[in-house]
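Participant: My questions all concern the structure below.
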Amino acid sequence: MDALLQQVFAGLATGGIYASVALALVMIYQATHHLNFAQGEMAMFSTYLAWSMINAGFGYWAAFFLTVSLSFVLGVVIERVIIRPVENAPVLSVVVVFIGLLVILNSVTGWIYTYTIKTFPSPFPTAPLFGNKFVSSHQIGAIGITLVVLLLLFSFFRFTPLGLAMRAAAQNPVSAKLVGIRVGWMLALGWGLAAAIGSIAGMMVAPIVFLDPNMMGGILLYAFAAALVGGVDSPGGAVFGGFLVGVLENVLGAFVIGNELKLAVALVLIIGVLVVKPSGFFGKVNVSRV
Amino acid sequence: MSRNKLIFLVVLVLVACALPFLVSNYRVFQFTLVLVYAIALLGLNLLTGYNGQISLGHGAFYAIGAYTAAILMDKFGFPYWATLPIAGAVCLVVGFLFGLPALRLEGIYLALATFALGVSMPQLLKYHHLEKWTGGVQGIVITKPDAPFGLPLNPDQWLYFFTLVVMLLMFLFAWNLLRGRIGRALIAIRDHHVAAEAMGVNTSIYKSLTFGVSALYTGIAGALGAIAVQFVAPDSFNIFLSIVFLVGIVIGGLASIPGAIYGAIFIQFIPNIADELSKAAPWAIFGIFMIGFVYAMPFGINGAIRMLLARFGRKAQTGGPGSTITESSLKTKEASQ
């Protein structure tokens, strides 16, 4: 029983990471209807920025907030400079641009910082919280931060005029333009927000998996799966999906099939869910008009 | 087919036949891989370009084809040419079976399902219960065939010609398939599946069969690729291979038969060029090439060539059925979102 609980908690902790990357994916999807394949690499690059700042003598939280704001700006710049020109290209062409962005970020980071693995500090105490033996403080902290980000996002979209404008721009760009919303900038803001959320996820995952240019590869895959299982147009669904995938991965890996095939089995289960519910647990069901 | 086009094709085939006598053996090997990739890309293009089903996992079918060929040659002593139809048949069945549940999924959800297939394939190949067949992480080494009937060709040149013949047959088959009733049905399903169904197209059968045929093409390409490289190992069929295939068909030109060849040349040679330009960050250069091509030719190389031909006042050549529909239909899809 202890062992099971241990795996469940470990799964919740990694699930928190998947959830925050999934959240970033869903954000961009809602604003642009594209799944950003470069999301993980963007987060990885932000984490390297944070690492440089900490090494240059900044305090952890100073570096944290500086990185989040810098990532926001970078996200906006990427949308304006790289994504803007292909706005009207076919969907698959845009996917290729995302893949291009992914390999560029990965390669450039490896070039600047080399491929050697680096340790990344955690802001949370090393002693486990309340003396429990299941989860480390960092894992609880990571879950807590994911939930705070979700709450902030929800309030932003629900209660602020800017959030309303962003939702309008995503849902009906033409009408939004007619009432004076600058749709182009709303898209850029969406990218900025997603990059900022991604950077938080990166900084939370780096103490666990260590920092290297390929650290986000597997995480992006799980986040992708989490976003779709939850329903790609639902931020809450993305968080739920993230925790679900994390727990499934750990429990199945530890007890049922062993580590060799855990990725494959987790993915098969996810496809199973999708075959029964093609738009995820919380996604909008598309009704097509004849 | 117009007369000019026929002449052009004959010249092209003659050039392709002369090529192995003009360049070094290593280049011949690279061109063999271009032909192999062209078959794989044509398979993916049948599914994604013509039928509108996105696959991010075609590397898996390539792997199945490659392993089928390698296991048959290594464990059962099959001659290399006999492995191709078997590899194709295995992939046809696997592709068809995968296509059945995938019928429920559309767009990015289908992309995820196929992505999952692509990601799990190296893990399955490494799985220790299958090690007896697959050789586990070590993979399987196979020998390169010599030219038969005492032909004065070295093994690289012979394999090139063998691959060229297979490729021409596969292209002919695809061209024939696409210009008739089946091709029109595939495009109708892509452009408006409800309307297609209303006109009596059995969308389920067509979609899952397309999955199968597409997998068959990619599987045969995988078998040829394994014979050319003389080696299969799980990690050469990682998810990146599937992604590179997708990049290839988009850059070559979606829903076009010649686009498969342009895309194959791109994915074979651009990484080499990138490597020569910058030893420090070759993938960054590759990424810049990818983005640059999409900026310059949003409808792929084939689309750009067709636009150029049209501009020079000649009647635009049709690359196959549906290539004229593609651009407008993609635009309307974009507008309706």
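Chain labels A, B, ... are given in the sequence in which chains occur in the structure tokens; within each chain residues are numbered consecutively from 1, and ligands are likewise numbered from 1 in the order shown.
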How close does each residue of stretch 88-144 of chain B get to stretch 232-246 of chain A, giving the shortest atom pair and distance in Å to one decimal for every residue with an atom at most 12 Å away, counting only C-alpha atoms, sorted by chain and residue number, as JSON lines?

Facilitator:
```
{"residue": "B:Gly107", "atom": "CA", "partner": "A:Val232", "partner_atom": "CA", "distance": 11.6}
{"residue": "B:Ile108", "atom": "CA", "partner": "A:Val232", "partner_atom": "CA", "distance": 9.2}
{"residue": "B:Tyr109", "atom": "CA", "partner": "A:Val232", "partner_atom": "CA", "distance": 9.1}
{"residue": "B:Leu112", "atom": "CA", "partner": "A:Val232", "partner_atom": "CA", "distance": 11.5}
```

Participant: Could you give me, as a tab-separated table (two decimals) with N, CA and C atoms, in the first residue's frame, each residue of stretch 155-325 of chain B that DSSP assigns to helix (DSSP H, G or I) when run on this structure's backbone?

Facilitator:
```tsv
chain	number	residue	atom	x	y	z
B	155	PRO	N	27.91	-3.21	-56.18
B	155	PRO	CA	26.68	-3.38	-55.39
B	155	PRO	C	25.90	-2.09	-55.20
B	156	ASP	N	26.59	-0.95	-55.02
B	156	ASP	CA	25.89	0.32	-54.83
B	156	ASP	C	25.07	0.68	-56.06
B	157	GLN	N	25.73	0.52	-57.23
B	157	GLN	CA	25.03	0.86	-58.47
B	157	GLN	C	23.85	-0.07	-58.72
B	158	TRP	N	24.06	-1.36	-58.46
B	158	TRP	CA	22.98	-2.33	-58.67
B	158	TRP	C	21.78	-2.00	-57.78
B	159	LEU	N	22.05	-1.69	-56.52
B	159	LEU	CA	20.97	-1.39	-55.59
B	159	LEU	C	20.23	-0.12	-56.03
B	160	TYR	N	21.00	0.82	-56.57
B	160	TYR	CA	20.38	2.05	-57.06
B	160	TYR	C	19.37	1.72	-58.16
B	161	PHE	N	19.80	0.90	-59.12
B	161	PHE	CA	18.89	0.58	-60.22
B	161	PHE	C	17.69	-0.24	-59.74
B	162	PHE	N	17.96	-1.17	-58.84
B	162	PHE	CA	16.87	-1.96	-58.27
B	162	PHE	C	15.83	-1.04	-57.62
B	163	THR	N	16.33	-0.10	-56.79
B	163	THR	CA	15.43	0.83	-56.11
B	163	THR	C	14.70	1.71	-57.12
B	164	LEU	N	15.43	2.13	-58.17
B	164	LEU	CA	14.80	3.00	-59.17
B	164	LEU	C	13.63	2.28	-59.83
B	165	VAL	N	13.81	1.01	-60.16
B	165	VAL	CA	12.73	0.26	-60.81
B	165	VAL	C	11.54	0.12	-59.87
B	166	VAL	N	11.83	-0.24	-58.61
B	166	VAL	CA	10.73	-0.36	-57.65
B	166	VAL	C	10.01	0.97	-57.52
B	167	MET	N	10.78	2.05	-57.43
B	167	MET	CA	10.17	3.36	-57.26
B	167	MET	C	9.28	3.71	-58.44
B	168	LEU	N	9.78	3.46	-59.67
B	168	LEU	CA	8.97	3.80	-60.84
B	168	LEU	C	7.67	3.01	-60.84
B	169	LEU	N	7.76	1.73	-60.48
B	169	LEU	CA	6.54	0.91	-60.42
B	169	LEU	C	5.57	1.46	-59.38
B	170	MET	N	6.08	1.80	-58.22
B	170	MET	CA	5.22	2.32	-57.15
B	170	MET	C	4.58	3.64	-57.56
B	171	PHE	N	5.37	4.49	-58.24
B	171	PHE	CA	4.83	5.78	-58.66
B	171	PHE	C	3.75	5.59	-59.72
B	172	LEU	N	4.02	4.66	-60.63
B	172	LEU	CA	3.04	4.39	-61.67
B	172	LEU	C	1.73	3.90	-61.05
B	173	PHE	N	1.86	3.02	-60.08
B	173	PHE	CA	0.69	2.47	-59.40
B	173	PHE	C	-0.09	3.58	-58.71
B	174	ALA	N	0.63	4.45	-58.01
B	174	ALA	CA	-0.05	5.54	-57.29
B	174	ALA	C	-0.73	6.49	-58.27
B	175	TRP	N	-0.03	6.78	-59.38
B	175	TRP	CA	-0.59	7.70	-60.36
B	175	TRP	C	-1.88	7.14	-60.92
B	176	ASN	N	-1.84	5.83	-61.22
B	176	ASN	CA	-3.02	5.17	-61.75
B	176	ASN	C	-4.16	5.15	-60.75
B	177	LEU	N	-3.81	4.93	-59.50
B	177	LEU	CA	-4.80	4.85	-58.43
B	177	LEU	C	-5.49	6.20	-58.26
B	178	LEU	N	-4.68	7.28	-58.35
B	178	LEU	CA	-5.19	8.58	-57.97
B	178	LEU	C	-5.96	9.27	-59.09
B	179	ARG	N	-5.70	8.89	-60.36
B	179	ARG	CA	-6.35	9.65	-61.42
B	179	ARG	C	-7.75	9.15	-61.70
B	181	ARG	N	-11.39	6.84	-60.17
B	181	ARG	CA	-12.48	6.88	-59.22
B	181	ARG	C	-11.99	6.92	-57.77
B	182	ILE	N	-10.98	6.09	-57.46
B	182	ILE	CA	-10.50	6.02	-56.08
B	182	ILE	C	-9.86	7.34	-55.67
B	183	GLY	N	-9.04	7.90	-56.57
B	183	GLY	CA	-8.40	9.18	-56.27
B	183	GLY	C	-9.43	10.26	-55.99
B	184	ARG	N	-10.46	10.30	-56.82
B	184	ARG	CA	-11.50	11.32	-56.62
B	184	ARG	C	-12.20	11.11	-55.29
B	185	ALA	N	-12.43	9.84	-54.94
B	185	ALA	CA	-13.10	9.57	-53.66
B	185	ALA	C	-12.23	10.06	-52.50
B	186	LEU	N	-10.93	9.79	-52.57
B	186	LEU	CA	-10.04	10.22	-51.49
B	186	LEU	C	-10.09	11.73	-51.31
B	187	ILE	N	-10.02	12.45	-52.44
B	187	ILE	CA	-10.00	13.91	-52.35
B	187	ILE	C	-11.34	14.43	-51.86
B	188	ALA	N	-12.42	13.78	-52.30
B	188	ALA	CA	-13.75	14.20	-51.84
B	188	ALA	C	-13.86	14.04	-50.33
B	189	ILE	N	-13.31	12.94	-49.81
B	189	ILE	CA	-13.37	12.71	-48.36
B	189	ILE	C	-12.58	13.81	-47.64
B	190	ARG	N	-11.42	14.15	-48.18
B	190	ARG	CA	-10.60	15.19	-47.56
B	190	ARG	C	-11.34	16.53	-47.56
B	191	ASP	N	-11.93	16.88	-48.69
B	191	ASP	CA	-12.50	18.20	-48.81
B	191	ASP	C	-13.84	18.33	-48.10
B	193	HIS	N	-16.20	15.44	-46.05
B	193	HIS	CA	-16.50	14.01	-45.93
B	193	HIS	C	-17.99	13.73	-45.89
B	194	VAL	N	-18.78	14.70	-45.41
B	194	VAL	CA	-20.23	14.47	-45.38
B	194	VAL	C	-20.77	14.41	-46.80
B	195	ALA	N	-20.31	15.37	-47.62
B	195	ALA	CA	-20.77	15.38	-49.02
B	195	ALA	C	-20.33	14.10	-49.72
B	196	ALA	N	-19.10	13.67	-49.44
B	196	ALA	CA	-18.59	12.46	-50.07
B	196	ALA	C	-19.48	11.27	-49.72
B	197	GLU	N	-19.85	11.21	-48.43
B	197	GLU	CA	-20.68	10.10	-47.97
B	197	GLU	C	-22.05	10.15	-48.66
B	198	ALA	N	-22.57	11.39	-48.77
B	198	ALA	CA	-23.88	11.55	-49.39
B	198	ALA	C	-23.87	11.09	-50.83
B	203	THR	N	-16.89	6.07	-46.75
B	203	THR	CA	-15.73	6.78	-46.19
B	203	THR	C	-14.91	5.90	-45.26
B	204	SER	N	-15.57	5.05	-44.45
B	204	SER	CA	-14.80	4.24	-43.50
B	204	SER	C	-13.83	3.33	-44.23
B	205	ILE	N	-14.37	2.61	-45.23
B	205	ILE	CA	-13.51	1.67	-45.96
B	205	ILE	C	-12.38	2.41	-46.67
B	206	TYR	N	-12.73	3.53	-47.32
B	206	TYR	CA	-11.70	4.26	-48.05
B	206	TYR	C	-10.63	4.78	-47.10
B	207	LYS	N	-11.07	5.32	-45.95
B	207	LYS	CA	-10.08	5.92	-45.06
B	207	LYS	C	-9.15	4.86	-44.49
B	208	SER	N	-9.71	3.73	-44.03
B	208	SER	CA	-8.81	2.74	-43.44
B	208	SER	C	-7.97	2.04	-44.50
B	209	LEU	N	-8.55	1.88	-45.71
B	209	LEU	CA	-7.73	1.29	-46.79
B	209	LEU	C	-6.59	2.22	-47.19
B	210	THR	N	-6.89	3.53	-47.20
B	210	THR	CA	-5.83	4.48	-47.51
B	210	THR	C	-4.71	4.38	-46.50
B	211	PHE	N	-5.10	4.21	-45.23
B	211	PHE	CA	-4.10	4.02	-44.18
B	211	PHE	C	-3.24	2.81	-44.51
B	212	GLY	N	-3.90	1.72	-44.92
B	212	GLY	CA	-3.17	0.51	-45.24
B	212	GLY	C	-2.23	0.69	-46.43
B	213	VAL	N	-2.74	1.28	-47.51
B	213	VAL	CA	-1.92	1.44	-48.71
B	213	VAL	C	-0.75	2.37	-48.43
B	214	SER	N	-1.05	3.43	-47.67
B	214	SER	CA	0.00	4.37	-47.31
B	214	SER	C	1.10	3.66	-46.51
B	215	ALA	N	0.68	2.81	-45.57
B	215	ALA	CA	1.65	2.05	-44.77
B	215	ALA	C	2.42	1.08	-45.65
B	216	LEU	N	1.73	0.50	-46.64
B	216	LEU	CA	2.41	-0.42	-47.57
B	216	LEU	C	3.55	0.29	-48.29
B	217	TYR	N	3.28	1.48	-48.81
B	217	TYR	CA	4.33	2.24	-49.49
B	217	TYR	C	5.51	2.48	-48.55
B	218	THR	N	5.17	2.99	-47.36
B	218	THR	CA	6.25	3.34	-46.43
B	218	THR	C	7.00	2.10	-45.99
B	219	GLY	N	6.28	0.97	-45.85
B	219	GLY	CA	6.93	-0.27	-45.44
B	219	GLY	C	7.89	-0.79	-46.49
B	220	ILE	N	7.49	-0.71	-47.76
B	220	ILE	CA	8.39	-1.15	-48.83
B	220	ILE	C	9.62	-0.24	-48.86
B	221	ALA	N	9.38	1.06	-48.66
B	221	ALA	CA	10.51	1.99	-48.59
B	221	ALA	C	11.44	1.60	-47.44
B	222	GLY	N	10.83	1.22	-46.29
B	222	GLY	CA	11.64	0.83	-45.14
B	222	GLY	C	12.49	-0.39	-45.45
B	223	ALA	N	11.90	-1.39	-46.15
B	223	ALA	CA	12.65	-2.59	-46.50
B	223	ALA	C	13.82	-2.24	-47.42
B	224	LEU	N	13.54	-1.40	-48.44
B	224	LEU	CA	14.61	-0.98	-49.34
B	224	LEU	C	15.69	-0.21	-48.60
B	225	GLY	N	15.23	0.65	-47.66
B	225	GLY	CA	16.18	1.45	-46.88
B	225	GLY	C	17.09	0.55	-46.05
B	226	ALA	N	16.50	-0.51	-45.44
B	226	ALA	CA	17.30	-1.42	-44.62
B	226	ALA	C	18.34	-2.13	-45.48
B	227	ILE	N	17.95	-2.54	-46.70
B	227	ILE	CA	18.90	-3.24	-47.58
B	227	ILE	C	20.02	-2.28	-47.98
B	228	ALA	N	19.65	-1.01	-48.24
B	228	ALA	CA	20.66	-0.05	-48.67
B	228	ALA	C	21.64	0.29	-47.54
B	229	VAL	N	21.10	0.48	-46.33
B	229	VAL	CA	21.95	0.89	-45.21
B	229	VAL	C	22.67	-0.33	-44.62
B	234	PRO	N	16.83	-0.02	-33.38
B	234	PRO	CA	15.63	0.68	-32.93
B	234	PRO	C	15.77	2.20	-32.98
B	235	ASP	N	16.94	2.72	-32.60
B	235	ASP	CA	17.02	4.17	-32.46
B	235	ASP	C	17.15	4.92	-33.77
B	236	SER	N	17.33	4.18	-34.89
B	236	SER	CA	17.31	4.94	-36.14
B	236	SER	C	15.87	5.17	-36.61
B	237	PHE	N	14.90	4.59	-35.91
B	237	PHE	CA	13.50	4.82	-36.30
B	237	PHE	C	12.77	5.59	-35.21
B	239	ILE	N	11.09	9.05	-33.28
B	239	ILE	CA	9.99	9.92	-33.71
B	239	ILE	C	10.47	10.98	-34.68
B	240	PHE	N	11.77	11.29	-34.62
B	240	PHE	CA	12.27	12.33	-35.50
B	240	PHE	C	12.13	11.93	-36.97
B	241	LEU	N	12.27	10.63	-37.26
B	241	LEU	CA	12.11	10.15	-38.63
B	241	LEU	C	10.70	10.48	-39.14
B	242	SER	N	9.70	10.21	-38.29
B	242	SER	CA	8.32	10.50	-38.69
B	242	SER	C	8.14	11.99	-38.96
B	243	ILE	N	8.74	12.80	-38.10
B	243	ILE	CA	8.57	14.25	-38.26
B	243	ILE	C	9.25	14.72	-39.54
B	244	VAL	N	10.43	14.13	-39.82
B	244	VAL	CA	11.14	14.50	-41.05
B	244	VAL	C	10.31	14.12	-42.28
B	245	PHE	N	9.61	12.98	-42.22
B	245	PHE	CA	8.74	12.60	-43.34
B	245	PHE	C	7.66	13.67	-43.57
B	246	LEU	N	7.05	14.11	-42.46
B	246	LEU	CA	6.00	15.12	-42.60
B	246	LEU	C	6.58	16.40	-43.19
B	247	VAL	N	7.76	16.80	-42.69
B	247	VAL	CA	8.43	17.98	-43.24
B	247	VAL	C	8.65	17.79	-44.74
B	248	GLY	N	9.08	16.59	-45.11
B	248	GLY	CA	9.34	16.30	-46.52
B	248	GLY	C	8.12	16.50	-47.39
B	249	ILE	N	6.96	15.98	-46.98
B	249	ILE	CA	5.80	16.12	-47.89
B	249	ILE	C	5.31	17.56	-47.93
B	250	VAL	N	5.41	18.28	-46.78
B	250	VAL	CA	4.94	19.67	-46.81
B	250	VAL	C	5.85	20.50	-47.69
B	251	ILE	N	7.16	20.30	-47.58
B	251	ILE	CA	8.09	21.12	-48.36
B	251	ILE	C	8.09	20.69	-49.82
B	252	GLY	N	7.91	19.40	-50.07
B	252	GLY	CA	7.83	18.95	-51.46
B	252	GLY	C	6.56	19.42	-52.14
B	257	ILE	N	2.31	14.17	-56.78
B	257	ILE	CA	3.20	13.02	-56.92
B	257	ILE	C	4.66	13.45	-57.06
B	258	PRO	N	4.98	14.45	-57.93
B	258	PRO	CA	6.39	14.86	-57.99
B	258	PRO	C	6.88	15.46	-56.67
B	259	GLY	N	5.95	16.03	-55.88
B	259	GLY	CA	6.34	16.62	-54.61
B	259	GLY	C	7.09	15.64	-53.73
B	260	ALA	N	6.74	14.34	-53.83
B	260	ALA	CA	7.41	13.33	-53.02
B	260	ALA	C	8.91	13.30	-53.34
B	261	ILE	N	9.25	13.49	-54.63
B	261	ILE	CA	10.67	13.44	-55.02
B	261	ILE	C	11.38	14.70	-54.52
B	262	TYR	N	10.76	15.87	-54.70
B	262	TYR	CA	11.39	17.10	-54.20
B	262	TYR	C	11.62	16.99	-52.70
B	263	GLY	N	10.59	16.52	-51.99
B	263	GLY	CA	10.71	16.40	-50.53
B	263	GLY	C	11.83	15.45	-50.15
B	264	ALA	N	11.96	14.34	-50.91
B	264	ALA	CA	13.00	13.37	-50.60
B	264	ALA	C	14.38	13.98	-50.78
B	265	ILE	N	14.53	14.77	-51.85
B	265	ILE	CA	15.83	15.44	-52.06
B	265	ILE	C	16.10	16.38	-50.89
B	266	PHE	N	15.06	17.12	-50.46
B	266	PHE	CA	15.24	18.05	-49.34
B	266	PHE	C	15.70	17.31	-48.08
B	267	ILE	N	14.97	16.25	-47.69
B	267	ILE	CA	15.32	15.62	-46.41
B	267	ILE	C	16.63	14.84	-46.49
B	268	GLN	N	17.07	14.46	-47.68
B	268	GLN	CA	18.35	13.76	-47.78
B	268	GLN	C	19.53	14.74	-47.79
B	269	PHE	N	19.40	15.83	-48.55
B	269	PHE	CA	20.60	16.65	-48.77
B	269	PHE	C	20.69	17.90	-47.90
B	270	ILE	N	19.53	18.48	-47.49
B	270	ILE	CA	19.64	19.72	-46.71
B	270	ILE	C	20.37	19.50	-45.37
B	271	PRO	N	20.13	18.38	-44.65
B	271	PRO	CA	20.92	18.18	-43.42
B	271	PRO	C	22.43	18.15	-43.70
B	272	ASN	N	22.83	17.55	-44.83
B	272	ASN	CA	24.26	17.54	-45.18
B	272	ASN	C	24.79	18.95	-45.40
B	273	ILE	N	24.01	19.74	-46.14
B	273	ILE	CA	24.44	21.11	-46.41
B	273	ILE	C	24.54	21.89	-45.10
B	274	ALA	N	23.53	21.69	-44.23
B	274	ALA	CA	23.53	22.38	-42.94
B	274	ALA	C	24.78	22.01	-42.15
B	275	ASP	N	25.13	20.74	-42.25
B	275	ASP	CA	26.30	20.26	-41.51
B	275	ASP	C	27.57	20.93	-42.01
B	276	GLU	N	27.62	21.17	-43.32
B	276	GLU	CA	28.82	21.81	-43.86
B	276	GLU	C	28.86	23.28	-43.50
B	277	LEU	N	27.67	23.92	-43.42
B	277	LEU	CA	27.64	25.35	-43.12
B	277	LEU	C	28.04	25.64	-41.68
B	282	PRO	N	24.33	22.42	-36.50
B	282	PRO	CA	23.76	22.08	-37.81
B	282	PRO	C	22.24	22.08	-37.83
B	283	TRP	N	21.64	21.63	-36.72
B	283	TRP	CA	20.17	21.56	-36.72
B	283	TRP	C	19.54	22.92	-36.76
B	284	ALA	N	20.24	23.93	-36.20
B	284	ALA	CA	19.71	25.29	-36.28
B	284	ALA	C	19.62	25.72	-37.74
B	285	ILE	N	20.67	25.38	-38.53
B	285	ILE	CA	20.65	25.73	-39.95
B	285	ILE	C	19.53	24.97	-40.66
B	286	PHE	N	19.36	23.69	-40.32
B	286	PHE	CA	18.28	22.89	-40.90
B	286	PHE	C	16.93	23.54	-40.60
B	287	GLY	N	16.74	23.97	-39.35
B	287	GLY	CA	15.50	24.64	-38.97
B	287	GLY	C	15.28	25.90	-39.77
B	288	ILE	N	16.37	26.67	-39.98
B	288	ILE	CA	16.23	27.91	-40.75
B	288	ILE	C	15.83	27.58	-42.19
B	289	PHE	N	16.42	26.52	-42.74
B	289	PHE	CA	16.02	26.10	-44.09
B	289	PHE	C	14.54	25.75	-44.12
B	290	MET	N	14.07	25.00	-43.11
B	290	MET	CA	12.67	24.59	-43.08
B	290	MET	C	11.76	25.81	-43.09
B	291	ILE	N	12.04	26.75	-42.16
B	291	ILE	CA	11.19	27.94	-42.06
B	291	ILE	C	11.30	28.77	-43.34
B	292	GLY	N	12.52	28.88	-43.87
B	292	GLY	CA	12.73	29.65	-45.08
B	292	GLY	C	11.94	29.10	-46.26
B	293	PHE	N	11.94	27.77	-46.40
B	293	PHE	CA	11.18	27.15	-47.51
B	293	PHE	C	9.70	27.43	-47.35
B	294	VAL	N	9.19	27.34	-46.12
B	294	VAL	CA	7.75	27.57	-45.94
B	294	VAL	C	7.41	29.03	-46.23
B	295	TYR	N	8.30	29.97	-45.84
B	295	TYR	CA	8.06	31.39	-46.14
B	295	TYR	C	8.01	31.60	-47.65
B	296	ALA	N	9.02	31.03	-48.32
B	296	ALA	CA	9.15	31.31	-49.75
B	296	ALA	C	8.08	30.55	-50.55
B	300	GLY	N	4.65	24.47	-50.97
B	300	GLY	CA	5.65	23.46	-51.28
B	300	GLY	C	6.37	23.74	-52.60
B	301	ILE	N	7.41	22.95	-52.85
B	301	ILE	CA	8.20	23.17	-54.06
B	301	ILE	C	7.34	22.93	-55.29
B	302	ASN	N	6.50	21.88	-55.25
B	302	ASN	CA	5.66	21.59	-56.39
B	302	ASN	C	4.71	22.74	-56.68
B	303	GLY	N	4.12	23.30	-55.62
B	303	GLY	CA	3.22	24.44	-55.78
B	303	GLY	C	3.95	25.61	-56.41
B	304	ALA	N	5.19	25.86	-55.95
B	304	ALA	CA	5.96	26.99	-56.47
B	304	ALA	C	6.28	26.78	-57.95
B	305	ILE	N	6.65	25.54	-58.30
B	305	ILE	CA	6.97	25.28	-59.71
B	305	ILE	C	5.75	25.50	-60.59
B	306	ARG	N	4.61	25.01	-60.10
B	306	ARG	CA	3.38	25.19	-60.89
B	306	ARG	C	3.03	26.66	-61.07
B	307	MET	N	3.24	27.44	-59.99
B	307	MET	CA	2.95	28.86	-60.10
B	307	MET	C	3.89	29.54	-61.10
B	308	LEU	N	5.17	29.13	-61.08
B	308	LEU	CA	6.14	29.69	-62.01
B	308	LEU	C	5.74	29.37	-63.45
B	309	LEU	N	5.38	28.11	-63.70
B	309	LEU	CA	4.98	27.70	-65.04
B	309	LEU	C	3.78	28.50	-65.50
B	310	ALA	N	2.84	28.71	-64.58
B	310	ALA	CA	1.63	29.45	-64.93
B	310	ALA	C	2.00	30.88	-65.27
B	311	ARG	N	2.96	31.43	-64.54
B	311	ARG	CA	3.32	32.83	-64.77
B	311	ARG	C	3.96	32.99	-66.15
B	323	SER	N	-4.37	18.24	-57.39
B	323	SER	CA	-3.39	19.25	-57.10
B	323	SER	C	-3.96	20.64	-57.38
B	324	THR	N	-4.90	20.72	-58.31
B	324	THR	CA	-5.50	22.02	-58.53
B	324	THR	C	-6.49	22.36	-57.43
B	325	ILE	N	-7.05	21.35	-56.84
B	325	ILE	CA	-8.05	21.60	-55.79
B	325	ILE	C	-7.37	22.02	-54.51
```

Participant: Go through A:Ala176, A:Leu35, A:Ile28, A:Ala165 and flag the residue nearest chain B, using only C-alpha atoms for the distances.

Facilitator: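 Looking at the shortest contact to chain B, the residue is A:Leu35.
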
Participant: Wanna dump the chain A-chain B contacts at 7 Å for me, each residue with its shortest atom pair and the distance in Å to one decimal, counting only C-alpha atoms, ordered by chain and number, as JSON lines?

Facilitator:
```
{"residue": "A:Val86", "atom": "CA", "partner": "B:Tyr295", "partner_atom": "CA", "distance": 6.7}
{"residue": "A:Ala89", "atom": "CA", "partner": "B:Pro298", "partner_atom": "CA", "distance": 5.7}
{"residue": "A:Pro90", "atom": "CA", "partner": "B:Leu330", "partner_atom": "CA", "distance": 6.0}
{"residue": "A:Leu92", "atom": "CA", "partner": "B:Val250", "partner_atom": "CA", "distance": 6.7}
{"residue": "A:Ser93", "atom": "CA", "partner": "B:Val250", "partner_atom": "CA", "distance": 6.2}
{"residue": "A:Val96", "atom": "CA", "partner": "B:Val247", "partner_atom": "CA", "distance": 5.9}
{"residue": "A:Val97", "atom": "CA", "partner": "B:Ile291", "partner_atom": "CA", "distance": 5.1}
{"residue": "A:Gly100", "atom": "CA", "partner": "B:Gly287", "partner_atom": "CA", "distance": 4.0}
{"residue": "A:Leu101", "atom": "CA", "partner": "B:Gly287", "partner_atom": "CA", "distance": 6.4}
{"residue": "A:Val103", "atom": "CA", "partner": "B:Gly287", "partner_atom": "CA", "distance": 5.7}
{"residue": "A:Ile104", "atom": "CA", "partner": "B:Ala284", "partner_atom": "CA", "distance": 4.0}
{"residue": "A:Ser107", "atom": "CA", "partner": "B:Ala284", "partner_atom": "CA", "distance": 5.3}
{"residue": "A:Val108", "atom": "CA", "partner": "B:Ala281", "partner_atom": "CA", "distance": 6.3}
{"residue": "A:Trp111", "atom": "CA", "partner": "B:Ala281", "partner_atom": "CA", "distance": 6.0}
{"residue": "A:Ala225", "atom": "CA", "partner": "B:Leu112", "partner_atom": "CA", "distance": 7.0}
{"residue": "A:Leu228", "atom": "CA", "partner": "B:Tyr109", "partner_atom": "CA", "distance": 6.9}
{"residue": "A:Glu260", "atom": "CA", "partner": "B:Tyr127", "partner_atom": "CA", "distance": 6.8}
{"residue": "A:Leu261", "atom": "CA", "partner": "B:Gln123", "partner_atom": "CA", "distance": 6.3}
{"residue": "A:Leu263", "atom": "CA", "partner": "B:Ser120", "partner_atom": "CA", "distance": 6.7}
{"residue": "A:Ala264", "atom": "CA", "partner": "B:Ser120", "partner_atom": "CA", "distance": 4.7}
{"residue": "A:Leu267", "atom": "CA", "partner": "B:Ala116", "partner_atom": "CA", "distance": 5.8}
{"residue": "A:Ile271", "atom": "CA", "partner": "B:Ala113", "partner_atom": "CA", "distance": 5.9}
{"residue": "A:Val275", "atom": "CA", "partner": "B:Arg104", "partner_atom": "CA", "distance": 6.0}
{"residue": "A:Pro278", "atom": "CA", "partner": "B:Leu105", "partner_atom": "CA", "distance": 5.9}
{"residue": "A:Val290", "atom": "CA", "partner": "B:Val194", "partner_atom": "CA", "distance": 6.7}
```

Participant: Mind checking which residues fall within 8 Å of A:Val247, counting only C-alpha atoms, ignoring those fewer than 3 positions away in the same chain, and posting them as a PyMOL selection string?

Facilitator: chain A and resi 7-12+15+243-244+250-251

Participant: Store the residues picked out above, limited to C-alpha atoms, as a tab-separated table (two decimals), in the first residue's frame.

Facilitator:
```tsv
chain	number	residue	atom	x	y	z
A	7	GLN	CA	3.91	5.98	-6.86
A	8	VAL	CA	0.63	7.89	-6.88
A	9	PHE	CA	2.25	10.89	-5.23
A	10	ALA	CA	5.26	10.77	-7.50
A	11	GLY	CA	2.82	10.59	-10.39
A	12	LEU	CA	0.91	13.61	-9.13
A	15	GLY	CA	1.70	15.19	-13.48
A	243	PHE	CA	-2.25	14.65	-13.38
A	244	LEU	CA	-3.99	11.63	-14.93
A	250	ASN	CA	4.10	5.96	-12.67
A	251	VAL	CA	1.67	3.34	-11.41
```
